[in-house]
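Dropping protein-v8.csv in here (CSV, C-alpha atoms):
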```
chain,number,residue,atom,x,y,z
A,1,GLU,CA,-20.6,1.1,2.4
A,2,ALA,CA,-18.7,1.2,-0.8
A,3,GLY,CA,-14.9,1.1,-0.7
A,4,VAL,CA,-12.5,3.0,-2.8
A,5,VAL,CA,-13.5,2.7,-6.5
A,6,GLN,CA,-11.0,2.8,-9.3
A,7,SER,CA,-11.3,2.7,-13.1
A,8,PRO,CA,-10.3,1.3,-15.4
A,9,ARG,CA,-9.2,-1.9,-13.7
A,10,TYR,CA,-7.0,-2.9,-16.7
A,11,LYS,CA,-5.5,-0.8,-19.5
A,12,ILE,CA,-3.2,-1.7,-22.3
A,13,ILE,CA,-1.7,1.2,-24.3
A,14,GLU,CA,1.1,1.8,-26.7
A,15,LYS,CA,4.1,3.8,-25.6
A,16,LYS,CA,3.8,7.5,-26.1
A,17,GLN,CA,0.1,7.4,-25.7
A,18,PRO,CA,-1.7,9.2,-22.8
A,19,VAL,CA,-3.7,7.3,-20.1
A,20,ALA,CA,-5.9,8.5,-17.2
A,21,PHE,CA,-7.0,6.7,-14.1
A,22,TRP,CA,-10.0,7.7,-12.0
A,23,CYS,CA,-10.6,7.3,-8.3
A,24,ASN,CA,-13.6,7.7,-6.1
A,25,PRO,CA,-12.7,7.6,-2.4
A,26,ILE,CA,-14.8,6.3,0.5
A,27,SER,CA,-17.5,8.8,1.4
A,28,GLY,CA,-16.3,11.4,3.9
A,29,HIS,CA,-12.6,10.6,3.5
A,30,ASN,CA,-10.8,13.9,3.0
A,31,THR,CA,-7.3,12.4,2.4
A,32,LEU,CA,-6.7,10.7,-0.9
A,33,TYR,CA,-3.5,9.0,-2.1
A,34,TRP,CA,-2.1,7.6,-5.3
A,35,TYR,CA,0.4,4.8,-4.9
A,36,LEU,CA,2.5,3.1,-7.6
A,37,GLN,CA,3.2,-0.7,-7.2
A,38,ASN,CA,5.7,-2.3,-9.4
A,39,LEU,CA,5.7,-6.1,-9.8
A,40,GLY,CA,7.2,-7.8,-6.7
A,41,GLN,CA,7.5,-4.5,-4.8
A,42,GLY,CA,5.5,-2.7,-2.2
A,43,PRO,CA,3.4,0.4,-3.1
A,44,GLU,CA,5.2,3.8,-3.2
A,45,LEU,CA,3.5,7.1,-2.7
A,46,LEU,CA,3.1,9.3,-5.8
A,47,ILE,CA,0.9,12.0,-4.3
A,48,ARG,CA,-1.3,12.8,-1.3
A,49,TYR,CA,-4.2,15.2,-1.2
A,50,GLU,CA,-5.9,16.7,1.8
A,51,ASN,CA,-9.2,17.9,0.4
A,52,GLU,CA,-8.2,19.7,-2.8
A,53,GLU,CA,-4.6,20.4,-1.8
A,54,ALA,CA,-1.7,18.3,-2.9
A,55,VAL,CA,0.3,18.2,0.4
A,56,ASP,CA,2.9,15.6,-0.6
A,57,ASP,CA,3.8,15.3,-4.3
A,58,SER,CA,7.6,15.1,-4.0
A,59,GLN,CA,7.7,11.6,-5.6
A,60,LEU,CA,5.4,12.4,-8.6
A,61,PRO,CA,7.4,12.5,-11.8
A,62,LYS,CA,6.0,15.8,-12.9
A,63,ASP,CA,7.4,15.8,-16.4
A,64,ARG,CA,4.9,13.2,-17.5
A,65,PHE,CA,2.5,12.6,-14.5
A,66,SER,CA,-0.2,14.9,-13.4
A,67,ALA,CA,-3.0,14.6,-10.9
A,68,GLU,CA,-6.0,16.6,-9.8
A,69,ARG,CA,-8.7,16.4,-7.2
A,70,LEU,CA,-11.5,18.7,-8.1
A,71,LYS,CA,-14.0,19.6,-5.3
A,72,GLY,CA,-12.0,17.5,-2.9
A,73,VAL,CA,-13.7,14.2,-3.8
A,74,ASP,CA,-12.8,12.3,-7.0
A,75,SER,CA,-9.3,12.3,-8.4
A,76,THR,CA,-7.7,11.7,-11.7
A,77,LEU,CA,-4.1,10.6,-12.4
A,78,LYS,CA,-2.7,11.1,-15.9
A,79,ILE,CA,0.4,9.9,-17.6
A,80,GLN,CA,1.4,11.6,-20.9
A,81,PRO,CA,3.3,10.3,-22.7
A,82,ALA,CA,3.4,6.8,-21.3
A,83,GLU,CA,6.7,4.8,-21.3
A,84,LEU,CA,7.4,1.1,-21.1
A,85,GLY,CA,8.6,1.5,-17.6
A,86,ASP,CA,5.2,2.9,-16.5
A,87,SER,CA,3.7,-0.6,-16.6
A,88,ALA,CA,2.6,-1.2,-13.0
A,89,VAL,CA,-0.4,-1.0,-10.8
A,90,TYR,CA,-1.7,2.4,-9.8
A,91,LEU,CA,-3.4,2.2,-6.4
A,92,CYS,CA,-5.8,4.8,-5.1
A,93,ALA,CA,-6.4,5.0,-1.3
A,94,SER,CA,-8.2,7.2,1.1
A,95,SER,CA,-8.4,7.9,4.8
A,96,PHE,CA,-10.2,10.2,7.2
A,97,GLY,CA,-7.4,12.5,8.2
A,98,GLY,CA,-3.7,12.0,7.6
A,99,SER,CA,-1.0,10.5,9.7
A,100,GLY,CA,-2.0,7.6,11.9
A,101,ASN,CA,-5.4,7.0,10.4
A,102,THR,CA,-6.4,3.8,8.7
A,103,ILE,CA,-5.8,3.9,4.9
A,104,TYR,CA,-8.1,1.9,2.7
A,105,PHE,CA,-7.0,0.9,-0.8
A,106,GLY,CA,-8.9,0.3,-4.0
A,107,GLU,CA,-8.4,-2.7,-6.3
A,108,GLY,CA,-5.9,-0.8,-8.4
A,109,SER,CA,-5.6,0.1,-12.1
A,110,TRP,CA,-3.3,-2.3,-13.9
A,111,LEU,CA,-1.4,-0.6,-16.7
A,112,THR,CA,0.5,-2.4,-19.4
A,113,VAL,CA,2.5,-0.2,-21.9
A,114,VAL,CA,3.6,-2.0,-25.1
B,1,GLN,CA,19.2,1.0,1.7
B,2,LYS,CA,15.4,1.1,1.7
B,3,GLU,CA,13.6,2.4,4.8
B,4,VAL,CA,11.7,-0.8,5.2
B,5,GLU,CA,13.2,-4.2,4.5
B,6,GLN,CA,11.1,-7.4,4.1
B,7,ASP,CA,12.1,-10.8,2.9
B,8,PRO,CA,10.1,-11.5,-0.2
B,9,GLY,CA,10.1,-15.3,0.3
B,10,PRO,CA,8.3,-17.2,-1.1
B,11,LEU,CA,7.2,-19.0,2.0
B,12,SER,CA,5.4,-22.3,1.8
B,13,VAL,CA,3.8,-24.0,4.8
B,14,PRO,CA,1.4,-26.8,5.5
B,15,GLU,CA,-2.1,-26.0,6.8
B,16,GLY,CA,-2.2,-25.6,10.5
B,17,ALA,CA,1.4,-24.3,10.8
B,18,ILE,CA,2.4,-21.1,12.6
B,19,VAL,CA,3.7,-18.5,10.2
B,20,SER,CA,6.1,-15.8,11.2
B,21,LEU,CA,6.6,-12.7,8.9
B,22,ASN,CA,9.0,-9.9,9.7
B,23,CYS,CA,10.2,-6.5,8.7
B,24,THR,CA,13.0,-4.2,9.8
B,25,TYR,CA,13.2,-0.5,9.4
B,26,SER,CA,15.7,2.3,9.8
B,27,ASN,CA,13.6,5.5,10.5
B,28,SER,CA,13.2,6.1,14.2
B,29,ALA,CA,10.3,8.5,13.5
B,30,PHE,CA,8.0,5.6,12.5
B,31,GLN,CA,5.3,5.2,15.1
B,32,TYR,CA,2.4,3.6,13.2
B,33,PHE,CA,2.8,0.0,12.0
B,34,MET,CA,0.5,-1.9,9.8
B,35,TRP,CA,0.2,-5.3,8.1
B,36,TYR,CA,-1.7,-5.5,4.8
B,37,ARG,CA,-2.7,-8.6,3.0
B,38,GLN,CA,-2.8,-8.6,-0.8
B,39,TYR,CA,-4.5,-11.3,-2.9
B,40,SER,CA,-3.5,-11.7,-6.5
B,41,ARG,CA,-4.9,-9.0,-8.7
B,42,LYS,CA,-6.4,-7.2,-5.7
B,43,GLY,CA,-5.5,-4.1,-3.7
B,44,PRO,CA,-3.9,-4.3,-0.2
B,45,GLU,CA,-6.3,-5.0,2.6
B,46,LEU,CA,-5.5,-3.8,6.2
B,47,LEU,CA,-5.0,-6.7,8.5
B,48,MET,CA,-3.4,-5.3,11.7
B,49,TYR,CA,-2.6,-1.8,13.0
B,50,THR,CA,-0.4,-1.0,15.9
B,51,TYR,CA,0.7,2.3,17.4
B,52,SER,CA,4.2,2.4,18.9
B,53,SER,CA,5.5,-0.7,20.6
B,54,GLY,CA,3.8,-3.8,22.0
B,55,ASN,CA,1.6,-6.6,20.9
B,56,LYS,CA,-1.8,-6.8,19.3
B,57,GLU,CA,-3.9,-9.8,18.8
B,58,ASP,CA,-6.9,-10.3,16.5
B,59,GLY,CA,-8.1,-13.9,16.1
B,60,ARG,CA,-5.4,-16.0,14.6
B,61,PHE,CA,-3.2,-13.0,13.9
B,62,THR,CA,-0.7,-11.3,16.3
B,63,ALA,CA,1.3,-8.3,15.5
B,64,GLN,CA,4.4,-7.3,17.5
B,65,VAL,CA,6.5,-4.2,17.4
B,66,ASP,CA,10.0,-3.9,18.9
B,67,LYS,CA,11.0,-0.3,18.4
B,68,SER,CA,14.3,-0.7,20.2
B,69,SER,CA,15.3,-3.2,17.6
B,70,LYS,CA,13.4,-1.5,14.8
B,71,TYR,CA,11.7,-4.9,14.1
B,72,ILE,CA,8.1,-5.8,13.5
B,73,SER,CA,6.5,-9.2,13.2
B,74,LEU,CA,3.2,-10.8,12.2
B,75,PHE,CA,2.3,-14.3,13.5
B,76,ILE,CA,-0.5,-16.4,11.9
B,77,ARG,CA,-1.7,-19.3,14.0
B,78,ASP,CA,-3.4,-22.3,12.5
B,79,SER,CA,-2.7,-21.1,9.0
B,80,GLN,CA,-5.3,-21.9,6.4
B,81,PRO,CA,-5.1,-22.2,2.6
B,82,SER,CA,-7.2,-19.0,2.4
B,83,ASP,CA,-4.3,-17.2,4.1
B,84,SER,CA,-2.3,-17.7,0.9
B,85,ALA,CA,-1.4,-14.1,-0.2
B,86,THR,CA,1.3,-11.5,-0.2
B,87,TYR,CA,1.8,-9.8,3.2
B,88,LEU,CA,3.0,-6.3,3.2
B,89,CYS,CA,4.3,-4.5,6.2
B,90,ALA,CA,3.8,-0.7,6.2
B,91,MET,CA,4.7,2.1,8.6
B,92,SER,CA,4.5,5.9,8.9
B,93,ALA,CA,5.9,8.7,11.0
B,94,ASN,CA,4.1,11.0,13.4
B,95,ARG,CA,6.3,13.9,12.6
B,96,GLY,CA,8.5,15.5,9.9
B,97,SER,CA,8.1,16.2,6.2
B,98,THR,CA,6.9,12.7,5.4
B,99,LEU,CA,4.0,12.9,7.8
B,100,GLY,CA,1.1,10.8,6.5
B,101,ARG,CA,3.2,8.8,4.0
B,102,LEU,CA,3.1,5.1,4.3
B,103,TYR,CA,6.4,3.2,3.7
B,104,PHE,CA,5.9,-0.4,2.6
B,105,GLY,CA,8.1,-3.4,2.6
B,106,ARG,CA,8.2,-5.4,-0.7
B,107,GLY,CA,5.9,-8.0,0.6
B,108,THR,CA,6.3,-11.7,1.5
B,109,GLN,CA,4.5,-14.2,-0.7
B,110,LEU,CA,2.9,-16.9,1.5
B,111,THR,CA,1.4,-20.2,0.3
B,112,VAL,CA,-0.5,-22.5,2.7
B,113,TRP,CA,-1.0,-25.9,1.2
B,114,PRO,CA,-3.7,-28.3,2.4
```

Can you turn what I pasted into structure tokens?
Amino acid sequence: EAGVVQSPRYKIIEKKQPVAFWCNPISGHNTLYWYLQNLGQGPELLIRYENEEAVDDSQLPKDRFSAERLKGVDSTLKIQPAELGDSAVYLCASSFGGSGNTIYFGEGSWLTVV
Amino acid sequence: QKEVEQDPGPLSVPEGAIVSLNCTYSNSAFQYFMWYRQYSRKGPELLMYTYSSGNKEDGRFTAQVDKSSKYISLFIRDSQPSDSATYLCAMSANRGSTLGRLYFGRGTQLTVWP
């Protein structure tokens, strides 16, 4: 069974440019997460979806970040415009159900803003 | 103060050693406790999952949770060079506004040398 798939794996962009990351969760998983991982730190939640609904987006910087999960499956995370401080790993994860259920992570999308 | 504290190391041990990794936390609502392993340039991979207090053993790995002290541990017996990775503790609550959100420690970098 395929795991959580993310693309692109690596992206280098200039500051002020837009960037988008795509995630395909494990088949049947209704809960999808986007986490941000800075170098030397643990992941931090940006947004959590249950089906199509964003149920926890309190830590998403909404001035420049946006996310969507159309049809309750794939999801896209966008940054516009990117800043130097956005250089990090963007991890997508999924689970069947929410609290207490095993969360599986993708390989991550590594962003460098120059 | 962060909700989850974890010594980042680095920790370097010889092959065959017993490794002890630890985290402390402050939120008494945390009920689900996990250890993830993250290899370089990869996403976190679930290693151990424990609900509430107690011990759990899986092969060379043992997870312990002491809720009275708000302290969790991961022990690795007969450590192998392939165990060299960053180990992240993570936990979540079973109630409240942050239901379903995973809180991570910053990770401990472990190297097992032959």

Contact check, chain B to chain A, at most 7 Å, counting only C-alpha atoms, closest pairs as JSON lines:
```
{"residue": "B:Tyr32", "atom": "CA", "partner": "A:Gly100", "partner_atom": "CA", "distance": 6.1}
{"residue": "B:Lys42", "atom": "CA", "partner": "A:Glu107", "partner_atom": "CA", "distance": 5.0}
{"residue": "B:Gly43", "atom": "CA", "partner": "A:Glu107", "partner_atom": "CA", "distance": 4.1}
{"residue": "B:Pro44", "atom": "CA", "partner": "A:Phe105", "partner_atom": "CA", "distance": 6.1}
{"residue": "B:Glu45", "atom": "CA", "partner": "A:Phe105", "partner_atom": "CA", "distance": 6.8}
{"residue": "B:Leu88", "atom": "CA", "partner": "A:Gly42", "partner_atom": "CA", "distance": 7.0}
{"residue": "B:Asn94", "atom": "CA", "partner": "A:Ser99", "partner_atom": "CA", "distance": 6.3}
{"residue": "B:Leu99", "atom": "CA", "partner": "A:Ser99", "partner_atom": "CA", "distance": 5.9}
{"residue": "B:Gly100", "atom": "CA", "partner": "A:Ser99", "partner_atom": "CA", "distance": 3.8}
{"residue": "B:Arg101", "atom": "CA", "partner": "A:Leu45", "partner_atom": "CA", "distance": 6.9}
{"residue": "B:Phe104", "atom": "CA", "partner": "A:Gly42", "partner_atom": "CA", "distance": 5.3}
{"residue": "B:Gly105", "atom": "CA", "partner": "A:Gly42", "partner_atom": "CA", "distance": 5.5}
{"residue": "B:Arg106", "atom": "CA", "partner": "A:Gly42", "partner_atom": "CA", "distance": 4.1}
{"residue": "B:Gly107", "atom": "CA", "partner": "A:Gly42", "partner_atom": "CA", "distance": 6.0}
```

Residues at most 6 Å from stretch 22-31 of chain B, counting only C-alpha atoms, excluding those fewer than 6 positions away in the same chain, as a compact mmCIF listing (two decimals) with C-alpha atoms, keeping the file's coordinate frame?
```txt
# COMPACT_ATOMS: atom_id res chain seq x y z
CA GLU B 3 13.60 2.40 4.80
CA VAL B 4 11.70 -0.80 5.20
CA GLU B 5 13.20 -4.20 4.50
CA GLN B 6 11.10 -7.40 4.10
CA TYR B 51 0.70 2.30 17.40
CA SER B 52 4.20 2.40 18.90
CA LYS B 70 13.40 -1.50 14.80
CA TYR B 71 11.70 -4.90 14.10
CA ILE B 72 8.10 -5.80 13.50
CA SER B 73 6.50 -9.20 13.20
CA SER B 92 4.50 5.90 8.90
CA ALA B 93 5.90 8.70 11.00
```

* How many Å separate atom CA of B:Gly54 from atom CA of B:Lys67? -> 8.8 Å

* Distance query B:Tyr39 at most 10 Å, all atoms listed in the file, self and fewer than 4 positions along chain excluded, as a PyMOL selection string -> chain B and resi 43-45+82-87+109

* **Gap from atom CA of A:Phe96 to atom CA of A:Ile26 - Å, one decimal** =>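 The value is 9.0 Å.
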
* Structure fact -> Pairwise distance, atom CA of A:Asp57 with atom CA of A:Trp22, equals 17.5 Å

* To do: Find the spatial neighbours of B:Ile18, counting all atoms listed in the file, within a cut-off of 10 Å - ignore same-chain residues fewer than 4 positions away - and output them as a PyMOL selection string.
  => chain B and resi 13-14+60-61+75-80

* Mind listing as a list in words all residues within 6 Å of (-15.0, 3.8, -0.4), counting all atoms listed in the file? -> Ala2, Gly3, Val4, Pro25, Ile26 and Ser27 of chain A

* If you count all atoms listed in the file, which residues fall within 6 Å of A:Cys23, apart from same-chain ones fewer than 6 positions away, as a list in words? ->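 The filter keeps Val5, Gln6, Asp74 and Ser75 of chain A.
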